[in-house]
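Notes follow once the structure below has been shown.
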Amino acid sequence: MKRRQGWLFFIIFLLTLSVYLLINYPLQLGLDLQGGSQLTLQIIKEEGKVTRDELEAVNSVIDKRVNNLGVSESNLQTLGGDQLILELPGEQNPLVASRVLGKTALLEFRTQKEGTSTDLKNLQLQRLSIKELIEQYSIEEKNQNNDNYFKVIQDDLIDIEQELNYSSTSNDLYGKLIEIKKYVDKEITNLFIKTDLSGKDLINAGRRQEQTNSNWEVLLTFSNSGGEKFAEITKSIAGTNQLLAIILDGESISEASVGNQFASTGITGGSATISGNFSAENARELEVQLKGGSLPLPIEIVETNTIGALLGSKNILKSLYAAISGLIFVGIFMIFNYRILGFVSVLSLVLYGFFNLALYSLIPVTLTLPGISGLILSIGMAVDANILIFERIREELYDGNTLSRSIDSGFQRANSSIVDGHITTLLSCFVLFLLGTNFVKGFAATLGIGVLISLFTSLNCSKTILRFFTTYQSLRQKNLYLPKNNFSN
Amino acid sequence: MKYNLELIKNKRKIFSFSTFLILLSLLGILYSTFNTSYKKPINLGMDFVGGNELRIERVCEEECSNLSPDSVLENLREISSNKNFINNIKLQFQNNNKLISIRTPYLSIEESNNLITNLDNIIGPLNYESKDSRLIGPKLGKRLLTNCVTSLLVSLFAISLYITIRFDKKYALFALLALFHDLLIVFGIFSWLGILLSVEVNSLFAVSLLTIAGYSVNDTVVIFDRIRENLKSKEEGYNETIQLSVNESFRRTTFTSITTLIPLLSIILFGSYSLFWFSLSLSLGIIVGSYSSILLAPSLLLKD
């Protein structure tokens with residue numbers, strides 16, 4: 001009896017602790033419950049597996065970019081060795097994030113090959129016209145103009161293709177425009193020779209509005225060695241008709257000449273500006289990318305989930321209804337069939353609920369919709385053990401044993417098959433947790449935790465509560481444990 | 001209350017019933033593989049093939065006006081630049097025309113935003129707070145599918161291993177037979193649902209199969225435990241002892257199934273729509289699982 005009382009105090013202590021935890025450390029809600037966006041980024045590697053170092057490197061670059069974007073409360077984590085998951089809570093548009101994160105942002109400085117001036121001038125002209133066509137295309141699209149307008153663009157495009165001696169293979173007009181632009185960019189890049197100065201030599205990036213017009217420019221600050229390299233490079237082409245190109249992800253964003261006055265020392269001071277007709281937004285995106293450094297491997301956004309805040313709160317409400325109605329009906333079923341024993345199992349179910357939620361806030365487990373369904377499902381599994389025990393107790397009572405003996409042997413004899421049965425469910429949860437996606441992990445976690453806790457509540461807690469009840473004389477009548485009409489033999 | 005299931009007498013009926021269910025499932029799987037547009041044993045959803053799913057509510061003053069999906073698509077075609085993908089759009093109105101649900105092939109975030117803007121122009125205003133949008137690239141889909149199949153195989157292997165170690169061979173074999181019977185039937189039901197109602201399965205379906213596996217074995221284990229225990233102590237014949245053990249555990253098994261079905265039913269009735277098919281397949285699995293644990297698995301143990 002002493003030992004049981006010890007358990008009773010222990011359970012009351014745990015309950016108080018759980019309530020304390022839940023009040024002080026609120027549950028973390030997943031995006032499907034609070035609204036927000038989730039992006040899955042896949043690291044692309046042509047050959048071999050992504051190593052741990054590469055994953056770390058990509059992770060740190062993305063992390064810097066996200067921080068520089070000024071997204072509040074974002075959460076970045078790695079998944080399965082070659083994926084990253086970025087969560088943006090609230091009503092933040094994933095579009096900007098996806099544009100900034102998806103680029104490799106490999107910055108190169110190249111010098112022009114000698115004797116290519118005419119080729120370059122020609123290509124620069126073509127680039128200008130193709131850019132204009134693309135702009136025109138989006139204007140026509142916005143105004144929802146009819147096909148005649150697009151026909152004009154189509155004709156201009158054919159002229160450019162003839163000029164370049166290149167024909168595009170894309171099916172639709174927009175695809176063709178983009179394809180030609182890429183081709184021109186590649187041709188321009190090919191006129192320049194690589195130098196040893198790159199994005200790695202930057203220590204900072206910034207932006208400011210140009211004084212003469214409303215365009216923006218991006219400022220680069222080099223490290224000491226980077227500054228020296230820059231001076232060296234500019235010195236080598238100063239006063240010649242060779243240009244310096246700044247190339248981002250294979251596309252030249254700026255080509256500039258270096259004046260004769262730099263012929264002796266090169267451009268010193270360790271900084272440079274890129275002025276390539278940036279809008280404020282573009283300049284900011286480039287700044288963020290350069291500050292974060294270039295990605296060691298390219299990434300692709302393979303999944304985007306967006307849930308509105310209203311839908312999230314609706315989901316919480318619906319889950320609450322489902323959980324509470326589930327609990328109530330299970331309770332009614334148990335009390336109807338097992339009387340006092342049923343009531344005991346309802347009490348241990350309530351304890352079960354509190355312990356579960358407290359553990360979620362302690363570990364912490366982020367609650368998602370599948371997670372909640374795991375929790376609700378585990379309610380049913382938690383009473384499973386109780387039913388096994390109660391059935392044994394009933395049998396013992398039918399056989400004419402005393403109440404206290406029946407309870408003891410009921411708990412004892414059901415023990416092994418309860419543990420056995422739960423192991424298979426735990427096995428499934430374990431596999432799901434190891435191999436599953438984020439979405440699935442939530443379910444596996446809550447169901448697994450639930451099964452473990454239910455072993456404690458349905459074995460220990462219900463026994464303790466039942467022991468406590470039977471210390472009262474009035475609660476010791478057999479007909480409170482068995483329906484009367486069945487109690488004849 | 002004592003139960004008296006005549007297992008021995010009805011052995012043949014039980015076997016025929018299970019065979020019938022299995023054949024029906026296999027038929028569904030075969031039909032689905034060869035005679036449907038998707039040519040797969042089951043109608044794979046967006047999680048596995050990639051695509052874009054969008055659900056968003058309209059803002060209406062009182063009742064939302066009735067719109068035909070075809071006319072909305074026609075309008076969309078007129079103002080969208082990429083005419084190609086409009087042909088592959090599935091568009092539905094639900095909840096008294098309030099909720100729009102759209103499926104398209106994979107779109108980038110930018111394209112998806114454009115689609116929503118275009119929709120807003122046609123049938124707006126839309127309530128952006130109620131938006132539920134999922135974009136899954138085809139690469140990820142393939143990967144998810146392999147992931148799910150691996151999970152299923154690994155956990156089936158783990159469960160089989162555990163059962164073989166825990167019980168002797170005969171029991172283990174029959175418990176596993178019952179398990180595969182349950183999984184096959186649930187899979188078959190969803191094959192048919194795919195054929196008849198174009199219901200798709202997503203990664204949560206794989207999760208439900210895994211959960212059913214754990215649960216179904218659990219049920220069978222409890223009954224086999226009882227049989228083993230009774231075979232040691234009771235003096236009646238082998239077949240009679242099995243029948244008695246089943247009757248003794250009948251209440252337990254049906255009751256635990258009921259207490260598991262109740263919460264699932266509340267999810268089906270009150271829960272979020274994204275959990276509807278998941279809860280349904282779990283419920284089906286539990287019903288089939290209880291049947292096989294109570295009637296099929298013990299009948300397999302009976303001697304002629």
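Letters A, B, ... go to the chains of the structure tokens in the order shown; residues in each chain start at 1; ligands are counted from 1 in the same order.
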
Counting only C-alpha atoms, what is within 12 Å of segment 22-25 of chain B, bar same-chain residues fewer than 6 positions away, as a list in words?
-> Phe15, Ser16, Tyr31, Ser32, Pro41, Ile42, Leu177, Ala178, Phe180, His181, Asp182, Leu183, Leu184, Ile185, Val186, Phe187, Gly188, Ile189, Phe190, Ser191, Trp192, Leu193 and Val288 of chain B

Got a sec to pull out which chain B residues are within 6 Å of chain A, counting only C-alpha atoms, and send them as a PyMOL selection string?
-> chain B and resi 79+129-137+155+214+218+222+256+259-260+262-263+266-267+270-272

Using the selection just defined, write its residues with C-alpha atoms as a short mmCIF file (atom, residue, chain, number, x, y, z; two decimals), in the first residue's frame.
data_model
loop_
_atom_site.label_atom_id
_atom_site.label_comp_id
_atom_site.auth_asym_id
_atom_site.auth_seq_id
_atom_site.Cartn_x
_atom_site.Cartn_y
_atom_site.Cartn_z
CA ILE B 79 -5.42 35.65 -70.49
CA GLU B 129 -5.73 33.85 -46.01
CA SER B 130 -7.51 30.65 -46.95
CA LYS B 131 -4.95 29.64 -49.55
CA ASP B 132 -3.57 26.15 -49.56
CA SER B 133 -1.01 25.64 -52.28
CA ARG B 134 1.39 22.78 -52.85
CA LEU B 135 4.00 22.62 -55.59
CA ILE B 136 5.93 19.40 -55.96
CA GLY B 137 8.62 18.93 -58.57
CA SER B 155 9.17 -2.24 -41.86
CA GLY B 214 1.77 -2.67 -37.06
CA ASN B 218 -0.60 -6.56 -32.84
CA VAL B 222 -2.76 -11.11 -28.83
CA THR B 256 -9.99 -2.22 -29.13
CA THR B 259 -11.99 2.42 -29.55
CA THR B 260 -9.50 2.96 -32.38
CA ILE B 262 -14.05 6.09 -32.84
CA PRO B 263 -11.22 8.68 -32.97
CA SER B 266 -14.12 11.86 -35.54
CA ILE B 267 -11.25 12.82 -37.84
CA PHE B 270 -14.70 16.86 -38.07
CA GLY B 271 -11.06 16.86 -39.10
CA SER B 272 -9.28 18.70 -41.87
#

Atomic separation - atom CA of Tyr352 of chain A relative to atom CA of Arg476 of chain A, Å | 25.3 Å

When DSSP works through the backbone of this structure, what residues of segment 55-257 of chain B end up as helix (DSSP H, G or I), shown as a count of residues only?
-> 139

May I have the residues within 7 Å of segment 197-211 of chain B as number ranges by chain, using only C-alpha atoms and disregarding those fewer than 4 positions away in the same chain?
-> A: 425, 428; B: 43-48, 148, 152, 183, 193, 215, 278, 281-282

C-alpha atoms of the current selection, written as a PDB file, in the first residue's frame:
ATOM      1  CA  THR A 425       3.560  -0.523 -33.836  1.00  0.00           C
ATOM      2  CA  SER A 428       6.555   0.814 -37.888  1.00  0.00           C
TER       3      SER A 428
ATOM      4  CA  ASN B  43      -3.787   6.098 -58.865  1.00  0.00           C
ATOM      5  CA  LEU B  44      -0.632   7.899 -57.706  1.00  0.00           C
ATOM      6  CA  GLY B  45      -1.302  11.401 -56.419  1.00  0.00           C
ATOM      7  CA  MET B  46       0.665  14.600 -56.598  1.00  0.00           C
ATOM      8  CA  ASP B  47       3.136  13.572 -53.901  1.00  0.00           C
ATOM      9  CA  PHE B  48       4.467  10.907 -56.230  1.00  0.00           C
ATOM     10  CA  CYS B 148       7.605   5.172 -49.325  1.00  0.00           C
ATOM     11  CA  LEU B 152       7.050  -0.255 -46.404  1.00  0.00           C
ATOM     12  CA  LEU B 183      -2.598  -4.810 -46.792  1.00  0.00           C
ATOM     13  CA  LEU B 193     -11.512   3.959 -55.596  1.00  0.00           C
ATOM     14  CA  TYR B 215      -1.788  -2.714 -35.815  1.00  0.00           C
ATOM     15  CA  PHE B 278      -5.847   8.873 -44.623  1.00  0.00           C
ATOM     16  CA  SER B 281      -7.803   3.912 -45.237  1.00  0.00           C
ATOM     17  CA  LEU B 282      -6.745   3.474 -41.608  1.00  0.00           C
TER      18      LEU B 282
END

Of the candidates A:Pro296, A:Gly371, A:Gly250, A:Gly30, which one gets nearest to Glu54 of chain A if we count only C-alpha atoms?
->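 Looking only at the distances to Glu54 of chain A, the closest residue turns out to be A:Pro296.
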
Name the residues in contact with Leu220 of chain A at a cut-off of 10 Å, using only C-alpha atoms, excluding same-chain residues fewer than 6 positions from it; report them as a tab-separated table (two decimals) with N, CA and C atoms, in the first residue's frame.
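Saved to selection-v7.tsv:
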chain	number	residue	atom	x	y	z
A	199	GLY	N	34.08	35.73	-56.56
A	199	GLY	CA	33.23	36.10	-55.44
A	199	GLY	C	33.85	35.77	-54.09
A	201	ASP	N	36.67	36.47	-53.12
A	201	ASP	CA	37.54	37.55	-52.66
A	201	ASP	C	36.77	38.74	-52.10
A	202	LEU	N	35.46	38.60	-52.02
A	202	LEU	CA	34.64	39.70	-51.48
A	202	LEU	C	34.58	39.59	-49.97
A	203	ILE	N	34.56	40.75	-49.28
A	203	ILE	CA	34.23	40.67	-47.87
A	203	ILE	C	32.89	41.33	-47.58
A	204	ASN	N	32.40	42.12	-48.50
A	204	ASN	CA	31.09	42.72	-48.27
A	204	ASN	C	30.48	43.18	-49.59
A	205	ALA	N	29.17	43.40	-49.54
A	205	ALA	CA	28.48	43.95	-50.70
A	205	ALA	C	27.44	44.94	-50.19
A	206	GLY	N	27.15	45.93	-51.00
A	206	GLY	CA	26.14	46.91	-50.59
A	206	GLY	C	25.45	47.45	-51.83
A	207	ARG	N	24.55	48.39	-51.65
A	207	ARG	CA	23.89	48.96	-52.84
A	207	ARG	C	23.60	50.43	-52.59
A	270	GLY	N	40.55	48.65	-53.21
A	270	GLY	CA	39.86	47.42	-52.81
A	270	GLY	C	38.35	47.47	-52.92
A	271	SER	N	37.80	48.28	-53.83
A	271	SER	CA	36.35	48.22	-54.01
A	271	SER	C	35.99	48.49	-55.46
A	272	ALA	N	34.78	48.10	-55.81
A	272	ALA	CA	34.31	48.31	-57.18
A	272	ALA	C	32.80	48.45	-57.15
A	273	THR	N	32.24	49.02	-58.21
A	273	THR	CA	30.79	49.07	-58.28
A	273	THR	C	30.33	48.40	-59.56
A	274	ILE	N	29.16	47.76	-59.48
A	274	ILE	CA	28.55	47.21	-60.68
A	274	ILE	C	27.33	48.05	-60.97
A	287	GLU	N	22.73	41.89	-53.82
A	287	GLU	CA	23.49	42.17	-52.61
A	287	GLU	C	23.41	40.98	-51.64
A	290	LEU	N	25.44	38.04	-52.96
A	290	LEU	CA	26.88	38.22	-52.89
A	290	LEU	C	27.37	38.17	-51.45
A	291	LYS	N	26.58	38.73	-50.54
A	291	LYS	CA	26.96	38.70	-49.13
A	291	LYS	C	27.04	37.27	-48.63

Quick one: everything within 8 Å of Leu91 of chain B, counting only C-alpha atoms, minus sequence neighbours fewer than 6 positions away in the same chain. Send it as a ChimeraX atom specification.
-> /B:69,73,100-103

Residue nearest Ser37 of chain B among B:Ser283, B:Ile116, B:Gly194, B:Ser299 (counting only C-alpha atoms) = B:Gly194

Using only C-alpha atoms, which residues sit within 6 Å of Gly141 of chain B once same-chain residues fewer than 2 positions away are excluded, as a list in words?
->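 The filter keeps Asp47, Phe48, Val49, Gly50, Pro138, Lys139, Arg143 and Leu144 of chain B.
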
Residues from last step as file, C-alpha atoms, as a tab-separated table (two decimals), in the first residue's frame:
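Contents of selection.tsv, freshly written:
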chain	number	residue	atom	x	y	z
B	47	ASP	CA	3.14	13.57	-53.90
B	48	PHE	CA	4.47	10.91	-56.23
B	49	VAL	CA	4.14	12.38	-59.72
B	50	GLY	CA	4.67	16.06	-58.98
B	138	PRO	CA	8.58	15.66	-60.52
B	139	LYS	CA	12.06	14.78	-59.24
B	143	ARG	CA	12.07	10.21	-54.74
B	144	LEU	CA	9.08	10.23	-52.37

Name the residues of segment 172-326 of chain A that fall into strand (DSSP E or B) according to DSSP on the backbone, using the chain letters and numbers of this document, as a VMD selection string.
-> chain A and resid 192 to 198 202 to 209 216 to 222 243 to 248 251 to 257 271 to 278 299 to 307

Output file for the residues above (C-alpha atoms, as a PDB file, in the first residue's frame):
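Contents of the output file out-v9.pdb:
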ATOM      1  CA  PHE A 192      36.414  36.994 -72.022  1.00  0.00           C
ATOM      2  CA  ILE A 193      39.233  35.148 -70.236  1.00  0.00           C
ATOM      3  CA  LYS A 194      38.951  33.967 -66.650  1.00  0.00           C
ATOM      4  CA  THR A 195      41.033  35.645 -63.953  1.00  0.00           C
ATOM      5  CA  ASP A 196      41.790  34.417 -60.436  1.00  0.00           C
ATOM      6  CA  LEU A 197      39.507  37.057 -58.898  1.00  0.00           C
ATOM      7  CA  SER A 198      36.075  35.757 -57.928  1.00  0.00           C
ATOM      8  CA  LEU A 202      34.640  39.700 -51.479  1.00  0.00           C
ATOM      9  CA  ILE A 203      34.232  40.666 -47.865  1.00  0.00           C
ATOM     10  CA  ASN A 204      31.085  42.721 -48.270  1.00  0.00           C
ATOM     11  CA  ALA A 205      28.475  43.948 -50.695  1.00  0.00           C
ATOM     12  CA  GLY A 206      26.141  46.910 -50.590  1.00  0.00           C
ATOM     13  CA  ARG A 207      23.893  48.958 -52.837  1.00  0.00           C
ATOM     14  CA  ARG A 208      23.109  52.579 -53.502  1.00  0.00           C
ATOM     15  CA  GLN A 209      21.127  54.671 -55.932  1.00  0.00           C
ATOM     16  CA  TRP A 216      20.704  51.235 -58.508  1.00  0.00           C
ATOM     17  CA  GLU A 217      24.261  50.008 -58.356  1.00  0.00           C
ATOM     18  CA  VAL A 218      25.867  47.312 -56.274  1.00  0.00           C
ATOM     19  CA  LEU A 219      29.063  48.006 -54.338  1.00  0.00           C
ATOM     20  CA  LEU A 220      31.704  45.365 -53.870  1.00  0.00           C
ATOM     21  CA  THR A 221      34.350  45.416 -51.166  1.00  0.00           C
ATOM     22  CA  PHE A 222      37.333  43.105 -51.682  1.00  0.00           C
ATOM     23  CA  LEU A 243      37.055  45.464 -71.238  1.00  0.00           C
ATOM     24  CA  LEU A 244      36.590  44.024 -67.758  1.00  0.00           C
ATOM     25  CA  ALA A 245      33.435  41.891 -67.419  1.00  0.00           C
ATOM     26  CA  ILE A 246      31.682  41.050 -64.176  1.00  0.00           C
ATOM     27  CA  ILE A 247      29.943  37.746 -64.690  1.00  0.00           C
ATOM     28  CA  LEU A 248      27.257  36.280 -62.473  1.00  0.00           C
ATOM     29  CA  GLU A 251      25.813  35.953 -67.506  1.00  0.00           C
ATOM     30  CA  SER A 252      27.834  39.100 -67.943  1.00  0.00           C
ATOM     31  CA  ILE A 253      26.108  41.820 -65.918  1.00  0.00           C
ATOM     32  CA  SER A 254      28.586  44.593 -66.609  1.00  0.00           C
ATOM     33  CA  GLU A 255      31.392  45.329 -69.072  1.00  0.00           C
ATOM     34  CA  ALA A 256      33.589  48.324 -68.392  1.00  0.00           C
ATOM     35  CA  SER A 257      36.784  49.845 -69.725  1.00  0.00           C
ATOM     36  CA  SER A 271      36.355  48.219 -54.007  1.00  0.00           C
ATOM     37  CA  ALA A 272      34.313  48.305 -57.181  1.00  0.00           C
ATOM     38  CA  THR A 273      30.785  49.074 -58.280  1.00  0.00           C
ATOM     39  CA  ILE A 274      28.548  47.209 -60.684  1.00  0.00           C
ATOM     40  CA  SER A 275      26.091  49.437 -62.460  1.00  0.00           C
ATOM     41  CA  GLY A 276      23.952  47.326 -64.713  1.00  0.00           C
ATOM     42  CA  ASN A 277      20.614  49.117 -64.719  1.00  0.00           C
ATOM     43  CA  PHE A 278      19.443  47.470 -61.517  1.00  0.00           C
ATOM     44  CA  ILE A 299      20.192  23.919 -55.849  1.00  0.00           C
ATOM     45  CA  GLU A 300      16.684  23.504 -57.142  1.00  0.00           C
ATOM     46  CA  ILE A 301      13.445  24.266 -55.340  1.00  0.00           C
ATOM     47  CA  VAL A 302      11.551  21.000 -55.585  1.00  0.00           C
ATOM     48  CA  GLU A 303       8.604  21.629 -53.281  1.00  0.00           C
ATOM     49  CA  THR A 304       6.687  24.646 -52.059  1.00  0.00           C
ATOM     50  CA  ASN A 305       3.789  24.490 -49.643  1.00  0.00           C
ATOM     51  CA  THR A 306       1.846  27.589 -48.723  1.00  0.00           C
ATOM     52  CA  ILE A 307      -0.958  27.660 -46.199  1.00  0.00           C
TER      53      ILE A 307
END

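As for atom CA of Leu179 of chain B and atom CA of Thr253 of chain B, they are spaced 15.5 Å apart.
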
Polymer residues at most 9 Å from segment 120-128 of chain B, only C-alpha atoms, same-chain spacing of 6 or more positions, as an mmCIF file with N, CA and C atoms, in the first residue's frame:
data_model
loop_
_atom_site.group_PDB
_atom_site.id
_atom_site.type_symbol
_atom_site.label_atom_id
_atom_site.label_comp_id
_atom_site.auth_asym_id
_atom_site.auth_seq_id
_atom_site.Cartn_x
_atom_site.Cartn_y
_atom_site.Cartn_z
ATOM 1 N N GLY A 308 -2.513 29.507 -45.962
ATOM 2 C CA GLY A 308 -2.979 30.784 -45.427
ATOM 3 C C GLY A 308 -3.210 30.694 -43.931
ATOM 4 N N ALA A 309 -3.058 31.845 -43.242
ATOM 5 C CA ALA A 309 -3.177 31.852 -41.786
ATOM 6 C C ALA A 309 -4.580 31.434 -41.342
ATOM 7 N N LEU A 310 -5.582 31.871 -42.099
ATOM 8 C CA LEU A 310 -6.962 31.557 -41.735
ATOM 9 C C LEU A 310 -7.191 30.053 -41.804
ATOM 10 N N ILE B 56 -8.414 27.527 -52.766
ATOM 11 C CA ILE B 56 -8.558 28.889 -52.248
ATOM 12 C C ILE B 56 -10.038 29.228 -52.228
ATOM 13 N N GLU B 57 -10.439 30.055 -51.249
ATOM 14 C CA GLU B 57 -11.859 30.387 -51.127
ATOM 15 C C GLU B 57 -12.150 31.727 -51.783
ATOM 16 N N ARG B 58 -13.368 31.842 -52.291
ATOM 17 C CA ARG B 58 -13.801 33.128 -52.835
ATOM 18 C C ARG B 58 -14.434 33.941 -51.715
ATOM 19 N N VAL B 59 -14.363 35.246 -51.861
ATOM 20 C CA VAL B 59 -15.056 36.107 -50.910
ATOM 21 C C VAL B 59 -16.405 36.448 -51.518
ATOM 22 N N CYS B 60 -17.488 35.987 -50.905
ATOM 23 C CA CYS B 60 -18.821 36.253 -51.445
ATOM 24 C C CYS B 60 -19.638 36.946 -50.374
ATOM 25 N N LEU B 67 -20.764 28.982 -60.913
ATOM 26 C CA LEU B 67 -19.889 29.170 -62.064
ATOM 27 C C LEU B 67 -19.597 27.816 -62.674
ATOM 28 N N VAL B 72 -14.722 29.146 -66.717
ATOM 29 C CA VAL B 72 -13.568 29.717 -66.019
ATOM 30 C C VAL B 72 -12.292 29.334 -66.747
ATOM 31 N N ASN B 75 -11.873 31.426 -69.848
ATOM 32 C CA ASN B 75 -11.348 32.754 -69.517
ATOM 33 C C ASN B 75 -9.862 32.697 -69.205
ATOM 34 N N LEU B 76 -9.485 31.651 -68.456
ATOM 35 C CA LEU B 76 -8.076 31.497 -68.087
ATOM 36 C C LEU B 76 -7.216 31.364 -69.332
#
